[in-house]
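Chemist: Here you go, data_25.csv (CSV, C-alpha atoms):
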```
chain,number,residue,atom,x,y,z
A,632,GLY,CA,53.8,101.8,109.2
A,633,ASP,CA,51.8,104.8,110.3
A,634,SER,CA,53.6,107.8,111.7
A,635,VAL,CA,52.9,111.3,113.0
A,636,THR,CA,55.3,114.2,112.8
A,637,GLN,CA,54.8,117.4,114.7
A,638,MET,CA,57.0,120.4,115.2
A,639,GLU,CA,59.5,120.3,118.0
A,640,GLY,CA,59.2,122.6,120.9
A,641,PRO,CA,59.3,124.3,123.1
A,642,VAL,CA,57.1,127.0,121.7
A,643,THR,CA,57.2,130.1,123.8
A,644,LEU,CA,54.5,132.8,123.3
A,645,SER,CA,53.1,135.8,125.0
A,646,GLU,CA,49.5,135.8,126.2
A,647,GLU,CA,47.0,136.6,123.5
A,648,ALA,CA,49.4,135.5,120.7
A,649,PHE,CA,48.4,133.2,117.9
A,650,LEU,CA,49.4,129.6,118.2
A,651,THR,CA,50.0,127.1,115.4
A,652,ILE,CA,51.4,123.6,115.9
A,653,ASN,CA,52.1,121.8,112.8
A,654,CYS,CA,51.2,118.1,112.4
A,655,THR,CA,51.6,115.8,109.4
A,656,TYR,CA,50.9,112.1,109.2
A,657,THR,CA,51.7,109.1,107.1
A,658,ALA,CA,49.1,106.4,107.0
A,659,THR,CA,47.2,104.2,104.7
A,660,GLY,CA,43.5,104.4,104.3
A,661,TYR,CA,41.4,106.9,106.2
A,662,PRO,CA,42.6,107.4,109.8
A,663,SER,CA,40.9,109.4,112.5
A,664,LEU,CA,43.0,112.3,113.8
A,665,PHE,CA,43.3,113.6,117.3
A,666,TRP,CA,44.9,116.3,119.4
A,667,TYR,CA,45.6,115.4,123.0
A,668,VAL,CA,46.9,117.9,125.7
A,669,GLN,CA,48.9,117.1,128.8
A,670,TYR,CA,49.0,119.6,131.5
A,671,PRO,CA,51.8,119.5,134.0
A,672,GLY,CA,51.6,116.4,136.3
A,673,GLU,CA,48.5,115.0,134.6
A,674,GLY,CA,47.6,112.4,132.0
A,675,LEU,CA,46.7,113.1,128.5
A,676,GLN,CA,43.2,114.3,127.7
A,677,LEU,CA,41.4,114.7,124.4
A,678,LEU,CA,41.4,118.3,123.0
A,679,LEU,CA,39.7,117.7,119.7
A,680,LYS,CA,39.4,115.1,116.9
A,681,ALA,CA,38.3,114.7,113.3
A,682,THR,CA,37.3,111.5,111.7
A,683,LYS,CA,37.1,112.2,108.0
A,684,ALA,CA,38.6,114.5,105.5
A,685,ASP,CA,37.7,118.2,105.7
A,686,ASP,CA,36.2,117.8,109.2
A,687,LYS,CA,37.1,120.5,111.6
A,688,GLY,CA,37.6,119.7,115.3
A,689,SER,CA,37.3,122.4,117.8
A,690,ASN,CA,37.3,122.8,121.5
A,691,LYS,CA,38.3,125.5,124.1
A,692,GLY,CA,39.2,127.9,121.2
A,693,PHE,CA,41.4,125.5,119.5
A,694,GLU,CA,40.8,124.3,116.0
A,695,ALA,CA,42.3,121.8,113.6
A,696,THR,CA,41.1,120.7,110.1
A,697,TYR,CA,41.7,117.3,108.6
A,698,ARG,CA,43.5,117.9,105.3
A,699,LYS,CA,43.9,114.7,103.4
A,700,GLU,CA,45.5,116.4,100.4
A,701,THR,CA,48.4,117.6,102.5
A,702,THR,CA,48.1,114.8,105.2
A,703,SER,CA,48.0,117.5,107.9
A,704,PHE,CA,46.1,118.3,111.0
A,705,HIS,CA,47.6,121.6,112.2
A,706,LEU,CA,46.4,122.9,115.6
A,707,GLU,CA,45.6,126.6,115.9
A,708,LYS,CA,44.3,129.0,118.6
A,709,GLY,CA,43.8,132.7,118.0
A,710,SER,CA,44.6,134.0,121.4
A,711,VAL,CA,46.4,131.9,123.9
A,712,GLN,CA,46.3,132.1,127.7
A,713,VAL,CA,48.8,131.2,130.4
A,714,SER,CA,46.6,128.3,131.2
A,715,ASP,CA,47.2,126.8,127.7
A,716,SER,CA,50.8,126.0,128.7
A,717,ALA,CA,51.0,122.3,128.2
A,718,VAL,CA,52.4,119.6,126.0
A,719,TYR,CA,50.3,118.9,122.9
A,720,PHE,CA,50.2,115.6,121.1
A,721,CYS,CA,49.0,114.9,117.6
A,722,ALA,CA,47.8,111.3,117.0
A,723,LEU,CA,46.0,109.0,114.6
A,724,THR,CA,44.1,105.7,114.7
A,725,GLN,CA,43.1,103.5,111.8
A,726,ALA,CA,39.5,102.6,111.3
A,727,ALA,CA,40.3,98.9,111.6
A,728,GLY,CA,41.7,99.3,115.1
A,729,ASN,CA,41.9,101.6,118.1
A,730,LYS,CA,45.7,101.8,118.6
A,731,LEU,CA,46.8,105.4,118.7
A,732,THR,CA,50.0,106.5,116.9
A,733,PHE,CA,51.4,109.6,118.6
A,734,GLY,CA,53.6,112.3,117.5
A,735,GLY,CA,56.5,113.3,119.7
A,736,GLY,CA,54.6,116.1,121.5
A,737,THR,CA,55.1,119.9,121.4
A,738,ARG,CA,55.6,121.8,124.6
A,739,VAL,CA,54.0,125.2,124.7
A,740,LEU,CA,54.8,127.9,127.2
A,741,VAL,CA,52.6,131.0,127.4
A,742,LYS,CA,54.0,133.9,129.3
A,743,PRO,CA,52.0,136.7,130.9
B,963,ASP,CA,31.7,109.5,136.6
B,964,ALA,CA,35.0,108.1,137.8
B,965,GLY,CA,37.7,108.3,135.2
B,966,VAL,CA,40.5,105.8,134.7
B,967,ILE,CA,42.0,105.0,138.1
B,968,GLN,CA,45.7,104.1,138.6
B,969,SER,CA,47.5,103.1,141.7
B,970,PRO,CA,49.9,103.8,143.1
B,971,ARG,CA,50.4,107.4,141.9
B,972,HIS,CA,54.1,107.4,143.0
B,973,GLU,CA,56.4,104.4,143.5
B,974,VAL,CA,60.0,104.5,144.6
B,975,THR,CA,61.8,101.2,144.7
B,976,GLU,CA,65.2,99.7,144.5
B,977,MET,CA,66.8,97.9,141.6
B,978,GLY,CA,65.8,94.3,141.5
B,979,GLN,CA,62.5,94.7,143.3
B,980,GLU,CA,59.2,93.7,141.8
B,981,VAL,CA,56.9,96.5,140.9
B,982,THR,CA,53.1,96.2,140.2
B,983,LEU,CA,51.1,99.0,138.7
B,984,ARG,CA,47.3,98.8,138.7
B,985,CYS,CA,44.6,100.2,136.6
B,986,LYS,CA,40.8,100.3,136.7
B,987,PRO,CA,39.3,101.3,133.4
B,988,ILE,CA,36.2,103.3,132.9
B,989,SER,CA,33.1,101.1,133.3
B,990,GLY,CA,31.9,99.8,130.0
B,991,HIS,CA,35.1,100.4,128.1
B,992,ASN,CA,36.5,97.2,126.6
B,993,SER,CA,39.8,98.4,125.3
B,994,LEU,CA,42.7,99.1,127.7
B,995,PHE,CA,46.2,100.5,127.0
B,996,TRP,CA,49.4,100.7,128.9
B,997,TYR,CA,51.8,103.5,127.9
B,998,ARG,CA,55.2,104.6,129.2
B,999,GLN,CA,56.4,108.2,129.0
B,1000,THR,CA,60.0,109.4,129.4
B,1001,MET,CA,61.9,112.5,128.3
B,1002,MET,CA,64.2,110.5,126.1
B,1003,ARG,CA,61.7,108.2,124.3
B,1004,GLY,CA,58.4,110.2,124.6
B,1005,LEU,CA,55.1,108.3,124.8
B,1006,GLU,CA,55.3,104.6,124.0
B,1007,LEU,CA,52.5,102.1,123.8
B,1008,LEU,CA,53.5,99.0,125.7
B,1009,ILE,CA,50.5,96.7,125.3
B,1010,TYR,CA,46.8,96.9,124.7
B,1011,PHE,CA,43.8,94.6,125.4
B,1012,ASN,CA,40.5,94.3,123.7
B,1013,ASN,CA,37.8,92.5,125.8
B,1014,ASN,CA,40.5,91.4,128.3
B,1015,VAL,CA,42.6,89.7,125.5
B,1016,PRO,CA,46.1,91.1,124.7
B,1017,ILE,CA,46.1,92.2,121.1
B,1018,ASP,CA,49.5,93.8,120.6
B,1019,ASP,CA,52.4,93.5,123.1
B,1020,SER,CA,55.1,94.5,120.6
B,1021,GLY,CA,55.9,97.5,122.7
B,1022,MET,CA,56.8,95.6,125.9
B,1023,PRO,CA,60.5,96.2,126.3
B,1024,GLU,CA,61.6,92.8,127.4
B,1025,ASP,CA,60.6,89.8,129.4
B,1026,ARG,CA,60.9,91.6,132.7
B,1027,PHE,CA,57.6,93.3,131.8
B,1028,SER,CA,54.3,91.5,131.9
B,1029,ALA,CA,50.7,92.7,131.8
B,1030,LYS,CA,47.4,91.0,132.7
B,1031,MET,CA,43.8,91.8,132.5
B,1032,PRO,CA,41.9,89.2,134.5
B,1033,ASN,CA,38.6,90.9,134.1
B,1034,ALA,CA,37.0,93.9,132.5
B,1035,SER,CA,37.6,96.2,135.5
B,1036,PHE,CA,41.2,95.5,136.4
B,1037,SER,CA,44.6,95.3,134.8
B,1038,THR,CA,48.2,95.1,136.1
B,1039,LEU,CA,51.6,95.9,134.7
B,1040,LYS,CA,54.4,94.1,136.4
B,1041,ILE,CA,58.1,94.7,136.2
B,1042,GLN,CA,60.3,92.0,137.7
B,1043,PRO,CA,63.1,92.7,138.4
B,1044,SER,CA,63.0,96.4,138.1
B,1045,GLU,CA,66.0,98.4,136.8
B,1046,PRO,CA,66.8,102.2,137.0
B,1047,ARG,CA,66.1,102.6,133.2
B,1048,ASP,CA,62.5,101.6,133.9
B,1049,SER,CA,62.0,104.9,135.7
B,1050,ALA,CA,59.2,106.7,133.9
B,1051,VAL,CA,55.6,107.7,134.1
B,1052,TYR,CA,53.3,104.8,133.2
B,1053,PHE,CA,49.8,105.6,132.0
B,1054,CYS,CA,46.8,103.5,131.6
B,1055,ALA,CA,44.0,104.4,129.2
B,1056,SER,CA,40.7,102.9,128.2
B,1057,SER,CA,38.2,103.4,125.4
B,1058,PRO,CA,35.1,101.8,123.9
B,1059,LEU,CA,36.0,99.3,121.3
B,1060,ALA,CA,34.6,100.7,118.1
B,1061,GLY,CA,36.3,101.3,114.7
B,1062,GLY,CA,39.2,103.6,115.6
B,1063,ARG,CA,37.1,106.7,116.1
B,1064,GLU,CA,36.8,106.5,119.9
B,1065,THR,CA,38.7,108.7,122.3
B,1066,GLN,CA,41.1,107.1,124.7
B,1067,TYR,CA,40.7,108.3,128.3
B,1068,PHE,CA,43.9,108.4,130.3
B,1069,GLY,CA,44.5,107.9,133.9
B,1070,PRO,CA,46.7,110.3,136.0
B,1071,GLY,CA,49.7,108.0,135.7
B,1072,THR,CA,52.1,106.2,138.0
B,1073,ARG,CA,55.4,107.9,138.5
B,1074,LEU,CA,58.0,105.2,139.0
B,1075,LEU,CA,61.5,105.8,140.2
B,1076,VAL,CA,63.9,102.8,140.4
B,1077,LEU,CA,67.0,103.6,142.4
```
Represent the structure from my file as structure tokens, please.

Modeler:
Amino acid sequence: GDSVTQMEGPVTLSEEAFLTINCTYTATGYPSLFWYVQYPGEGLQLLLKATKADDKGSNKGFEATYRKETTSFHLEKGSVQVSDSAVYFCALTQAAGNKLTFGGGTRVLVKP
Amino acid sequence: DAGVIQSPRHEVTEMGQEVTLRCKPISGHNSLFWYRQTMMRGLELLIYFNNNVPIDDSGMPEDRFSAKMPNASFSTLKIQPSEPRDSAVYFCASSPLAGGRETQYFGPGTRLLVL
């Protein structure tokens, strides 16, 4: 079956540091790929997505590129802020359905 | 625009009691999902509906759990009887039904504590 693997946290950074969270997937066909973010005490919300190979999703300074050759969708941000402290989830869906398969989540803590 | 609405936001109950969690999806969305989140198991999909019909309930832990969607604007997740290991945050999410490219919109969650 489909699966998503992302790096375990917590990831602790200083403000303005560069953030990378690795995400790789196993899936048949051509899934759509997502990054969701969960701020403390809240539900998940979409951060960005990409629906086909080589697409780049971007939002709030975050970027991720759909790499089919390496089955990866790594999340990056050039300069993090304290407000980026959250749990980040990589996920995929198959074109034939809309069931999300989530990775385990990566907690990011940004210190002033 | 109202997002996904869940109630109650917090629930504390005693083992053996019945618990009912409620969800109102975003108007016009015809897929609805119930998730459970715990520290130990992470985020788990319990069940999802398309057009009010349950499509996949393979994530429902056991017969104590049941979910219904009587109409397009309301769904319930019931636990009867509840057990301490059911303590978790339960999320409802909704999305348009369209080819796997649509975003799921999550509610704020119900934090359940079973004593």

Chemist: I'd like the interatomic distance between atom CA of Thr682 of chain A and atom CA of Tyr697 of chain A, to a tenth of an Å.

Modeler: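 Separating atom CA of Thr682 of chain A from atom CA of Tyr697 of chain A is a distance of 7.9 Å.
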
Chemist: With all atoms listed in the file considered, list every residue of chain B at most 9 Å from chain A, as a list in words.

Modeler: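 Within 9 Å of chain A on chain B, we get Ser993, Phe995, Arg1003, Gly1004, Leu1005, Glu1006, Leu1007, Tyr1010, Phe1053, Cys1054, Ser1057, Pro1058, Leu1059, Ala1060, Gly1061, Gly1062, Arg1063, Glu1064, Thr1065, Gln1066, Tyr1067, Phe1068, Gly1069, Pro1070 and Gly1071 of chain B.
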
Chemist: What's the 10 Å shell around segment 1022-1037 of chain B, counting only C-alpha atoms, without same-chain residues fewer than 4 positions away, as a ChimeraX atom specification?

Modeler: /B:967-968,980-998,1006-1016,1018,1041-1045,1048,1054

Chemist: With distances taken over all atoms listed in the file, which residue among B:Gln979, B:Ala964, B:Val1076, B:Thr1000 lies nearest Pro1046 of chain B?

Modeler: B:Val1076

Chemist: To one decimal place in Å, what is the distance between atom CA of Ser1049 of chain B and atom CA of Leu1074 of chain B?

Modeler: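 Between these atoms lies a distance of 5.2 Å.
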